[in-house]
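Below is one structure, written out as structure tokens; comments come after it.
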Amino acid sequence: MNEREGVRGLDEPSDEIPVRLGDRSHAIRIRPGILAEVGAELAHRLEACRALLVADRTVADLHGQALRTSLDAAGFSYRMHLVPPGEATKSLEELGRLYGTLADGRFESREPIVALGGGVVGDLAGLAAATYRRGLPIVHVPTSLVAQVDSSIGGKTAVNLPLGKNLVGAFHQPIAVFTDPELLGTLREEEYRSGLAEVVKYGVLGDADLFGFLETQATGILERDATILTPVIRRCARIKGSIVEADEREEKGDRLLLNLGHTVGHALEAVVGYGRLRHGDAVAVGTACACRLAERRGELAPEARERVVALLERLGLPVVPPGFDREIFVEHLRRDKKIAGGKIRYILPVSVGSARVEFVSEEEVLSVV
Ligand SMILES: NC(=O)c1ccc[n+]([C@@H]2O[C@H](COP(=O)([O-])OP(=O)(O)OC[C@H]3O[C@@H](n4cnc5c(N)ncnc54)[C@H](O)[C@@H]3O)[C@@H](O)[C@H]2O)c1
Ligand SMILES: [Zn+2]
């Protein structure tokens, strides 16, 4: 079969994914070319007013003008706040600088912040919007694959402290999310791969159709063909959106499933060193480990584990960790907030397309990394 014939296999015709959260309900609009329509789309939701655009310099250079033109055309005025690209931007210092721009511009509580960028800009701008004058509207225009399938959905915002990631944050739902799969064309290869690990994760934990589509359409995915990526991103947004609808503030545990691959992934990132092992690569290794552990327990068929490993490899993702210190790894594992009574709360795949939360021992985890 021609690989691309299967495009119809993932039925996601609507460009609008609703996220139903009472008075915090909003829509995620996902469509190639929507960047040029953000102004017009926003004008349906807000009276034309002033906005603060937040972007990192890389993304502003590549895609800022298209967004500005679309806001202009819809009668919005705006100020621009640029930040340096990279995780270090999720800091109290950068948050303070952003508050400074808001105060200097005398931003009022109805004037939105528009975050154009990856998860770093979304998390920083989201936290500023959650807190400045006790809350401004935030609009996400995610530009990285991680942001499009993950960080722009669910309302989590945060900055880092020197002692740990995401330690200062808030929940603040956006009033709208505009996701343009065409923007992924300019993303660096390793950043794109990072997002693919999260996409595979969604397939494994909850969607056999998505997983099958990724298998048959791997070439188009790697070529970043927007016609193939669009239904994939829509499906991922739908999965995360529905988990968030069921458990907005991570109180019931439903949201724990999204941690598939992350228990081992986070510990590996910490022990190998942030920057030496990228988050997405760590999640890919963690997902493969979770499959091996589930197989050992007899809960996942060997063929299912083989399919997951084969897809990760096909997409250029690692499935075994680089060398690391096991003792320090265990220390990091113990620090994970999902530990309860000496046992690790762990997300185990039970088939391609479903997973459950179970308690496992440190030894079991160590035996599969
Ligand atoms: N809030 C949440 O629920 C949530 C979920 C997952 C991750 N996160 C956070 O997201 C962050 C990671 O996000 P990320 O991977 O998007 O990182 P990022 O924002 O640093 O973006 C990655 C890099 O890609 C560049 N970039 C982004 N879009 C581009 C484009 N279209 N073309 C060219 N370059 C582009 C950026 O300049 C940056 O250098 C982490 O801080 C993580 O904690 C938050
Ligand atoms: Zn992740």
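Scheme for the structure tokens: letters A, B, ... for chains in order shown; per-chain residue numbers from 1; ligand numbers from 1 in order shown.
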
From a DSSP pass on the backbone, collect the residues of range 64-294 of chain A flagged as strand (DSSP E) and hand them back as a PDB file with N, CA, C and O atoms, in the first residue's frame.
ATOM      1  N   SER A  77      -3.851  46.609  18.203  1.00  0.00           N
ATOM      2  CA  SER A  77      -2.511  47.183  18.320  1.00  0.00           C
ATOM      3  C   SER A  77      -1.731  46.260  19.261  1.00  0.00           C
ATOM      4  O   SER A  77      -2.317  45.383  19.910  1.00  0.00           O
ATOM      5  N   TYR A  78      -0.428  46.412  19.297  1.00  0.00           N
ATOM      6  CA  TYR A  78       0.332  45.481  20.119  1.00  0.00           C
ATOM      7  C   TYR A  78       1.646  46.095  20.518  1.00  0.00           C
ATOM      8  O   TYR A  78       2.151  47.026  19.902  1.00  0.00           O
ATOM      9  N   ARG A  79       2.217  45.546  21.585  1.00  0.00           N
ATOM     10  CA  ARG A  79       3.612  45.765  21.942  1.00  0.00           C
ATOM     11  C   ARG A  79       4.287  44.417  21.883  1.00  0.00           C
ATOM     12  O   ARG A  79       3.640  43.399  22.020  1.00  0.00           O
ATOM     13  N   MET A  80       5.595  44.441  21.689  1.00  0.00           N
ATOM     14  CA  MET A  80       6.333  43.196  21.531  1.00  0.00           C
ATOM     15  C   MET A  80       7.269  43.051  22.732  1.00  0.00           C
ATOM     16  O   MET A  80       7.910  44.035  23.130  1.00  0.00           O
ATOM     17  N   HIS A  81       7.353  41.864  23.298  1.00  0.00           N
ATOM     18  CA  HIS A  81       8.335  41.598  24.362  1.00  0.00           C
ATOM     19  C   HIS A  81       9.145  40.383  23.933  1.00  0.00           C
ATOM     20  O   HIS A  81       8.595  39.282  23.820  1.00  0.00           O
ATOM     21  N   LEU A  82      10.448  40.602  23.686  1.00  0.00           N
ATOM     22  CA  LEU A  82      11.294  39.503  23.221  1.00  0.00           C
ATOM     23  C   LEU A  82      12.110  38.932  24.366  1.00  0.00           C
ATOM     24  O   LEU A  82      12.550  39.664  25.253  1.00  0.00           O
ATOM     25  N   VAL A  83      12.305  37.612  24.327  1.00  0.00           N
ATOM     26  CA  VAL A  83      13.129  36.936  25.342  1.00  0.00           C
ATOM     27  C   VAL A  83      14.186  36.101  24.624  1.00  0.00           C
ATOM     28  O   VAL A  83      14.025  35.770  23.453  1.00  0.00           O
ATOM     29  N   ILE A 113      -2.245  38.722  26.561  1.00  0.00           N
ATOM     30  CA  ILE A 113      -0.879  38.375  26.172  1.00  0.00           C
ATOM     31  C   ILE A 113      -0.999  37.294  25.111  1.00  0.00           C
ATOM     32  O   ILE A 113      -1.790  36.353  25.256  1.00  0.00           O
ATOM     33  N   VAL A 114      -0.253  37.445  24.025  1.00  0.00           N
ATOM     34  CA  VAL A 114      -0.222  36.412  22.984  1.00  0.00           C
ATOM     35  C   VAL A 114       1.169  35.789  23.011  1.00  0.00           C
ATOM     36  O   VAL A 114       2.166  36.464  22.761  1.00  0.00           O
ATOM     37  N   ALA A 115       1.234  34.495  23.366  1.00  0.00           N
ATOM     38  CA  ALA A 115       2.527  33.797  23.460  1.00  0.00           C
ATOM     39  C   ALA A 115       2.784  33.078  22.150  1.00  0.00           C
ATOM     40  O   ALA A 115       2.086  32.122  21.812  1.00  0.00           O
ATOM     41  N   LEU A 116       3.775  33.557  21.398  1.00  0.00           N
ATOM     42  CA  LEU A 116       4.157  32.926  20.133  1.00  0.00           C
ATOM     43  C   LEU A 116       5.459  32.182  20.373  1.00  0.00           C
ATOM     44  O   LEU A 116       6.508  32.800  20.544  1.00  0.00           O
ATOM     45  N   GLY A 117       5.396  30.840  20.429  1.00  0.00           N
ATOM     46  CA  GLY A 117       6.651  30.133  20.648  1.00  0.00           C
ATOM     47  C   GLY A 117       6.490  28.725  21.164  1.00  0.00           C
ATOM     48  O   GLY A 117       5.400  28.141  21.140  1.00  0.00           O
ATOM     49  N   ILE A 138      -4.724  34.942  28.270  1.00  0.00           N
ATOM     50  CA  ILE A 138      -3.560  34.460  27.520  1.00  0.00           C
ATOM     51  C   ILE A 138      -4.052  33.708  26.281  1.00  0.00           C
ATOM     52  O   ILE A 138      -5.007  32.943  26.348  1.00  0.00           O
ATOM     53  N   VAL A 139      -3.369  33.965  25.180  1.00  0.00           N
ATOM     54  CA  VAL A 139      -3.641  33.269  23.918  1.00  0.00           C
ATOM     55  C   VAL A 139      -2.355  32.552  23.548  1.00  0.00           C
ATOM     56  O   VAL A 139      -1.291  33.174  23.532  1.00  0.00           O
ATOM     57  N   HIS A 140      -2.441  31.250  23.287  1.00  0.00           N
ATOM     58  CA  HIS A 140      -1.240  30.527  22.880  1.00  0.00           C
ATOM     59  C   HIS A 140      -1.200  30.326  21.373  1.00  0.00           C
ATOM     60  O   HIS A 140      -2.185  29.890  20.773  1.00  0.00           O
ATOM     61  N   VAL A 141      -0.043  30.646  20.793  1.00  0.00           N
ATOM     62  CA  VAL A 141       0.224  30.314  19.389  1.00  0.00           C
ATOM     63  C   VAL A 141       1.485  29.448  19.414  1.00  0.00           C
ATOM     64  O   VAL A 141       2.607  29.949  19.291  1.00  0.00           O
ATOM     65  N   PRO A 142       1.302  28.136  19.646  1.00  0.00           N
ATOM     66  CA  PRO A 142       2.463  27.259  19.842  1.00  0.00           C
ATOM     67  C   PRO A 142       3.200  27.008  18.534  1.00  0.00           C
ATOM     68  O   PRO A 142       2.575  26.764  17.500  1.00  0.00           O
ATOM     69  N   LYS A 156      -1.198  24.677  32.445  1.00  0.00           N
ATOM     70  CA  LYS A 156      -0.079  24.710  33.398  1.00  0.00           C
ATOM     71  C   LYS A 156       0.929  25.758  32.934  1.00  0.00           C
ATOM     72  O   LYS A 156       1.305  25.800  31.759  1.00  0.00           O
ATOM     73  N   THR A 157       1.376  26.586  33.872  1.00  0.00           N
ATOM     74  CA  THR A 157       2.376  27.603  33.564  1.00  0.00           C
ATOM     75  C   THR A 157       3.437  27.537  34.653  1.00  0.00           C
ATOM     76  O   THR A 157       3.137  27.106  35.767  1.00  0.00           O
ATOM     77  N   ALA A 158       4.650  27.936  34.351  1.00  0.00           N
ATOM     78  CA  ALA A 158       5.678  27.878  35.397  1.00  0.00           C
ATOM     79  C   ALA A 158       6.983  28.523  34.953  1.00  0.00           C
ATOM     80  O   ALA A 158       7.255  28.676  33.762  1.00  0.00           O
ATOM     81  N   VAL A 159       7.781  28.881  35.959  1.00  0.00           N
ATOM     82  CA  VAL A 159       9.204  29.164  35.726  1.00  0.00           C
ATOM     83  C   VAL A 159      10.004  28.253  36.651  1.00  0.00           C
ATOM     84  O   VAL A 159       9.453  27.624  37.564  1.00  0.00           O
ATOM     85  N   ASN A 160      11.305  28.178  36.394  1.00  0.00           N
ATOM     86  CA  ASN A 160      12.198  27.317  37.178  1.00  0.00           C
ATOM     87  C   ASN A 160      12.878  28.120  38.283  1.00  0.00           C
ATOM     88  O   ASN A 160      13.022  29.338  38.178  1.00  0.00           O
ATOM     89  N   LEU A 161      13.305  27.439  39.331  1.00  0.00           N
ATOM     90  CA  LEU A 161      14.215  28.026  40.317  1.00  0.00           C
ATOM     91  C   LEU A 161      15.553  27.301  40.153  1.00  0.00           C
ATOM     92  O   LEU A 161      15.592  26.204  39.577  1.00  0.00           O
ATOM     93  N   GLY A 164      15.224  23.676  41.043  1.00  0.00           N
ATOM     94  CA  GLY A 164      14.385  22.699  40.355  1.00  0.00           C
ATOM     95  C   GLY A 164      13.500  23.324  39.301  1.00  0.00           C
ATOM     96  O   GLY A 164      13.206  24.528  39.329  1.00  0.00           O
ATOM     97  N   LYS A 165      13.070  22.466  38.383  1.00  0.00           N
ATOM     98  CA  LYS A 165      12.229  22.911  37.268  1.00  0.00           C
ATOM     99  C   LYS A 165      10.791  23.149  37.710  1.00  0.00           C
ATOM    100  O   LYS A 165      10.265  22.423  38.545  1.00  0.00           O
ATOM    101  N   ASN A 166      10.164  24.134  37.134  1.00  0.00           N
ATOM    102  CA  ASN A 166       8.724  24.389  37.277  1.00  0.00           C
ATOM    103  C   ASN A 166       8.264  24.540  38.734  1.00  0.00           C
ATOM    104  O   ASN A 166       7.139  24.179  39.080  1.00  0.00           O
ATOM    105  N   LEU A 167       9.140  25.075  39.596  1.00  0.00           N
ATOM    106  CA  LEU A 167       8.771  25.154  41.017  1.00  0.00           C
ATOM    107  C   LEU A 167       7.817  26.308  41.323  1.00  0.00           C
ATOM    108  O   LEU A 167       7.129  26.280  42.332  1.00  0.00           O
ATOM    109  N   VAL A 168       7.791  27.330  40.457  1.00  0.00           N
ATOM    110  CA  VAL A 168       6.873  28.447  40.690  1.00  0.00           C
ATOM    111  C   VAL A 168       5.899  28.494  39.525  1.00  0.00           C
ATOM    112  O   VAL A 168       6.302  28.705  38.383  1.00  0.00           O
ATOM    113  N   GLY A 169       4.634  28.251  39.808  1.00  0.00           N
ATOM    114  CA  GLY A 169       3.698  28.204  38.688  1.00  0.00           C
ATOM    115  C   GLY A 169       2.259  28.397  39.114  1.00  0.00           C
ATOM    116  O   GLY A 169       1.963  28.635  40.280  1.00  0.00           O
ATOM    117  N   ALA A 170       1.380  28.290  38.145  1.00  0.00           N
ATOM    118  CA  ALA A 170      -0.052  28.462  38.397  1.00  0.00           C
ATOM    119  C   ALA A 170      -0.808  27.770  37.276  1.00  0.00           C
ATOM    120  O   ALA A 170      -0.245  27.505  36.216  1.00  0.00           O
ATOM    121  N   PHE A 171      -2.069  27.464  37.531  1.00  0.00           N
ATOM    122  CA  PHE A 171      -2.940  27.019  36.452  1.00  0.00           C
ATOM    123  C   PHE A 171      -3.625  28.248  35.880  1.00  0.00           C
ATOM    124  O   PHE A 171      -4.177  29.054  36.622  1.00  0.00           O
ATOM    125  N   ALA A 176      -7.836  31.041  24.076  1.00  0.00           N
ATOM    126  CA  ALA A 176      -7.825  30.379  22.763  1.00  0.00           C
ATOM    127  C   ALA A 176      -6.419  29.886  22.478  1.00  0.00           C
ATOM    128  O   ALA A 176      -5.438  30.431  22.991  1.00  0.00           O
ATOM    129  N   VAL A 177      -6.337  28.833  21.652  1.00  0.00           N
ATOM    130  CA  VAL A 177      -5.043  28.321  21.188  1.00  0.00           C
ATOM    131  C   VAL A 177      -5.120  28.224  19.668  1.00  0.00           C
ATOM    132  O   VAL A 177      -6.099  27.688  19.130  1.00  0.00           O
ATOM    133  N   PHE A 178      -4.133  28.767  18.982  1.00  0.00           N
ATOM    134  CA  PHE A 178      -4.084  28.702  17.522  1.00  0.00           C
ATOM    135  C   PHE A 178      -2.833  27.953  17.103  1.00  0.00           C
ATOM    136  O   PHE A 178      -1.714  28.419  17.349  1.00  0.00           O
ATOM    137  N   THR A 179      -3.032  26.804  16.497  1.00  0.00           N
ATOM    138  CA  THR A 179      -1.925  25.897  16.210  1.00  0.00           C
ATOM    139  C   THR A 179      -1.761  25.712  14.707  1.00  0.00           C
ATOM    140  O   THR A 179      -2.664  25.221  14.035  1.00  0.00           O
TER     141      THR A 179
END

Please report, as CSV, each residue of range 269-309 of chain A lying at most 8 Å from range 194-215 of chain A, together with the nearest pair of atoms and the separation in Å rounded to one decimal; use only C-alpha atoms, and order rows by chain and ascending residue number.
residue,atom,partner,partner_atom,distance
A:Arg278,CA,A:Ser194,CA,7.2
A:His279,CA,A:Ser194,CA,6.5
A:Gly280,CA,A:Ser194,CA,3.7
A:Asp281,CA,A:Ser194,CA,6.3
A:Val283,CA,A:Ala197,CA,6.3
A:Ala284,CA,A:Ala197,CA,5.4
A:Thr287,CA,A:Lys201,CA,7.0
A:Val308,CA,A:Val204,CA,7.5

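The space between atom 43 (O, counted along the ligand's line) of ligand 1 and CA of Lys90 in chain A spans 8.6 Å.
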
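The spacing separating CA of Ser367 in chain A from CA of Leu293 in chain A amounts to 8.0 Å.
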
Rank nothing, just name the residue among A:Ala36, A:Ala301, A:Leu52, A:Leu183 nearest to ligand 1, using only C-alpha atoms and all ligand atoms.
A:Leu183

Hey, which residues sit close to ligand 1? Say within 6 Å, counting only C-alpha atoms and all ligand atoms, and write them as a PDB file with N, CA and C atoms, in the first residue's frame.
ATOM      1  N   ASP A  56      10.359  34.337  21.678  1.00  0.00           N
ATOM      2  CA  ASP A  56      11.815  34.376  21.764  1.00  0.00           C
ATOM      3  C   ASP A  56      12.354  34.899  20.426  1.00  0.00           C
ATOM      4  N   THR A  58      14.416  33.838  18.196  1.00  0.00           N
ATOM      5  CA  THR A  58      14.441  32.932  17.037  1.00  0.00           C
ATOM      6  C   THR A  58      13.069  32.878  16.373  1.00  0.00           C
ATOM      7  N   VAL A  59      12.050  32.654  17.178  1.00  0.00           N
ATOM      8  CA  VAL A  59      10.701  32.503  16.629  1.00  0.00           C
ATOM      9  C   VAL A  59      10.188  33.848  16.111  1.00  0.00           C
ATOM     10  N   PRO A  85      16.046  32.776  23.444  1.00  0.00           N
ATOM     11  CA  PRO A  85      15.586  31.388  23.315  1.00  0.00           C
ATOM     12  C   PRO A  85      16.272  30.490  24.339  1.00  0.00           C
ATOM     13  N   GLY A  86      15.569  29.472  24.803  1.00  0.00           N
ATOM     14  CA  GLY A  86      16.205  28.475  25.685  1.00  0.00           C
ATOM     15  C   GLY A  86      15.552  28.389  27.047  1.00  0.00           C
ATOM     16  N   GLU A  87      15.763  27.254  27.681  1.00  0.00           N
ATOM     17  CA  GLU A  87      15.146  26.936  28.975  1.00  0.00           C
ATOM     18  C   GLU A  87      15.499  27.969  30.059  1.00  0.00           C
ATOM     19  N   GLY A 117       5.396  30.840  20.429  1.00  0.00           N
ATOM     20  CA  GLY A 117       6.651  30.133  20.648  1.00  0.00           C
ATOM     21  C   GLY A 117       6.490  28.725  21.164  1.00  0.00           C
ATOM     22  N   GLY A 118       7.596  28.199  21.654  1.00  0.00           N
ATOM     23  CA  GLY A 118       7.614  26.852  22.216  1.00  0.00           C
ATOM     24  C   GLY A 118       7.133  26.871  23.660  1.00  0.00           C
ATOM     25  N   GLY A 119       7.393  25.767  24.359  1.00  0.00           N
ATOM     26  CA  GLY A 119       6.927  25.636  25.731  1.00  0.00           C
ATOM     27  C   GLY A 119       7.545  26.643  26.682  1.00  0.00           C
ATOM     28  N   VAL A 120       8.745  27.078  26.383  1.00  0.00           N
ATOM     29  CA  VAL A 120       9.408  28.043  27.264  1.00  0.00           C
ATOM     30  C   VAL A 120       8.637  29.361  27.287  1.00  0.00           C
ATOM     31  N   VAL A 121       8.354  29.882  26.102  1.00  0.00           N
ATOM     32  CA  VAL A 121       7.616  31.147  26.019  1.00  0.00           C
ATOM     33  C   VAL A 121       6.192  30.967  26.541  1.00  0.00           C
ATOM     34  N   ASP A 123       5.072  28.854  28.831  1.00  0.00           N
ATOM     35  CA  ASP A 123       5.059  28.722  30.291  1.00  0.00           C
ATOM     36  C   ASP A 123       5.346  30.056  30.989  1.00  0.00           C
ATOM     37  N   THR A 143       4.522  27.071  18.588  1.00  0.00           N
ATOM     38  CA  THR A 143       5.305  26.936  17.354  1.00  0.00           C
ATOM     39  C   THR A 143       6.201  25.704  17.328  1.00  0.00           C
ATOM     40  N   SER A 144       6.441  25.063  18.471  1.00  0.00           N
ATOM     41  CA  SER A 144       7.232  23.823  18.462  1.00  0.00           C
ATOM     42  C   SER A 144       6.252  22.649  18.546  1.00  0.00           C
ATOM     43  N   VAL A 146       6.411  20.161  20.637  1.00  0.00           N
ATOM     44  CA  VAL A 146       6.115  19.962  22.056  1.00  0.00           C
ATOM     45  C   VAL A 146       4.996  20.914  22.492  1.00  0.00           C
ATOM     46  N   ALA A 147       5.106  22.156  22.079  1.00  0.00           N
ATOM     47  CA  ALA A 147       4.086  23.135  22.478  1.00  0.00           C
ATOM     48  C   ALA A 147       2.742  22.815  21.817  1.00  0.00           C
ATOM     49  N   ASP A 150       1.433  19.489  23.535  1.00  0.00           N
ATOM     50  CA  ASP A 150       1.527  19.315  24.983  1.00  0.00           C
ATOM     51  C   ASP A 150       1.381  20.630  25.755  1.00  0.00           C
ATOM     52  N   SER A 151       2.406  21.496  25.699  1.00  0.00           N
ATOM     53  CA  SER A 151       2.446  22.582  26.690  1.00  0.00           C
ATOM     54  C   SER A 151       1.384  23.664  26.497  1.00  0.00           C
ATOM     55  N   LYS A 156      -1.198  24.677  32.445  1.00  0.00           N
ATOM     56  CA  LYS A 156      -0.079  24.710  33.398  1.00  0.00           C
ATOM     57  C   LYS A 156       0.929  25.758  32.934  1.00  0.00           C
ATOM     58  N   THR A 157       1.376  26.586  33.872  1.00  0.00           N
ATOM     59  CA  THR A 157       2.376  27.603  33.564  1.00  0.00           C
ATOM     60  C   THR A 157       3.437  27.537  34.653  1.00  0.00           C
ATOM     61  N   LEU A 183       4.220  25.754  10.793  1.00  0.00           N
ATOM     62  CA  LEU A 183       5.342  26.412  11.472  1.00  0.00           C
ATOM     63  C   LEU A 183       6.439  25.425  11.853  1.00  0.00           C
ATOM     64  N   LEU A 184       6.082  24.146  11.897  1.00  0.00           N
ATOM     65  CA  LEU A 184       7.062  23.142  12.328  1.00  0.00           C
ATOM     66  C   LEU A 184       8.180  22.960  11.305  1.00  0.00           C
ATOM     67  N   THR A 186      10.281  24.974  10.234  1.00  0.00           N
ATOM     68  CA  THR A 186      11.530  25.687  10.537  1.00  0.00           C
ATOM     69  C   THR A 186      12.201  25.204  11.829  1.00  0.00           C
ATOM     70  N   LEU A 187      11.570  24.237  12.477  1.00  0.00           N
ATOM     71  CA  LEU A 187      12.096  23.762  13.772  1.00  0.00           C
ATOM     72  C   LEU A 187      13.366  22.938  13.573  1.00  0.00           C
ATOM     73  N   GLU A 191      14.721  19.368  18.005  1.00  0.00           N
ATOM     74  CA  GLU A 191      13.521  19.878  18.684  1.00  0.00           C
ATOM     75  C   GLU A 191      12.278  19.164  18.146  1.00  0.00           C
TER      76      GLU A 191
END

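A straight line drawn from CA of Leu317 in chain A to CA of Glu362 in chain A is 24.9 Å long.
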
Counting only C-alpha atoms and all ligand atoms, which residue out of A:Ile344, A:Pro349, A:Asn259, A:Pro318 sits closest to ligand 2?
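Among the listed residues, the smallest separation from ligand 2 belongs to A:Asn259.
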
Based on the backbone DSSP call, show me all residues of range 60-216 of chain A assigned alpha helix (DSSP H), as a VMD selection string.
chain A and resid 65 to 73 92 to 104 119 to 131 145 to 146 189 to 206 208 to 216

So that I can check the surroundings of range 73-76 of chain A, please list as a list in words every protein, DNA and RNA residue that reaches within 7 Å of it, counting only C-alpha atoms and ignoring chain neighbours fewer than 5 positions away.
Gly39, Ala40, Ala43, Ala48, Cys49 and Arg50 of chain A

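With only C-alpha atoms as the atoms that count, the residue of A:His266, A:Tyr132, A:Arg29, A:Leu348 with the shortest distance to Val330 in chain A is A:His266.
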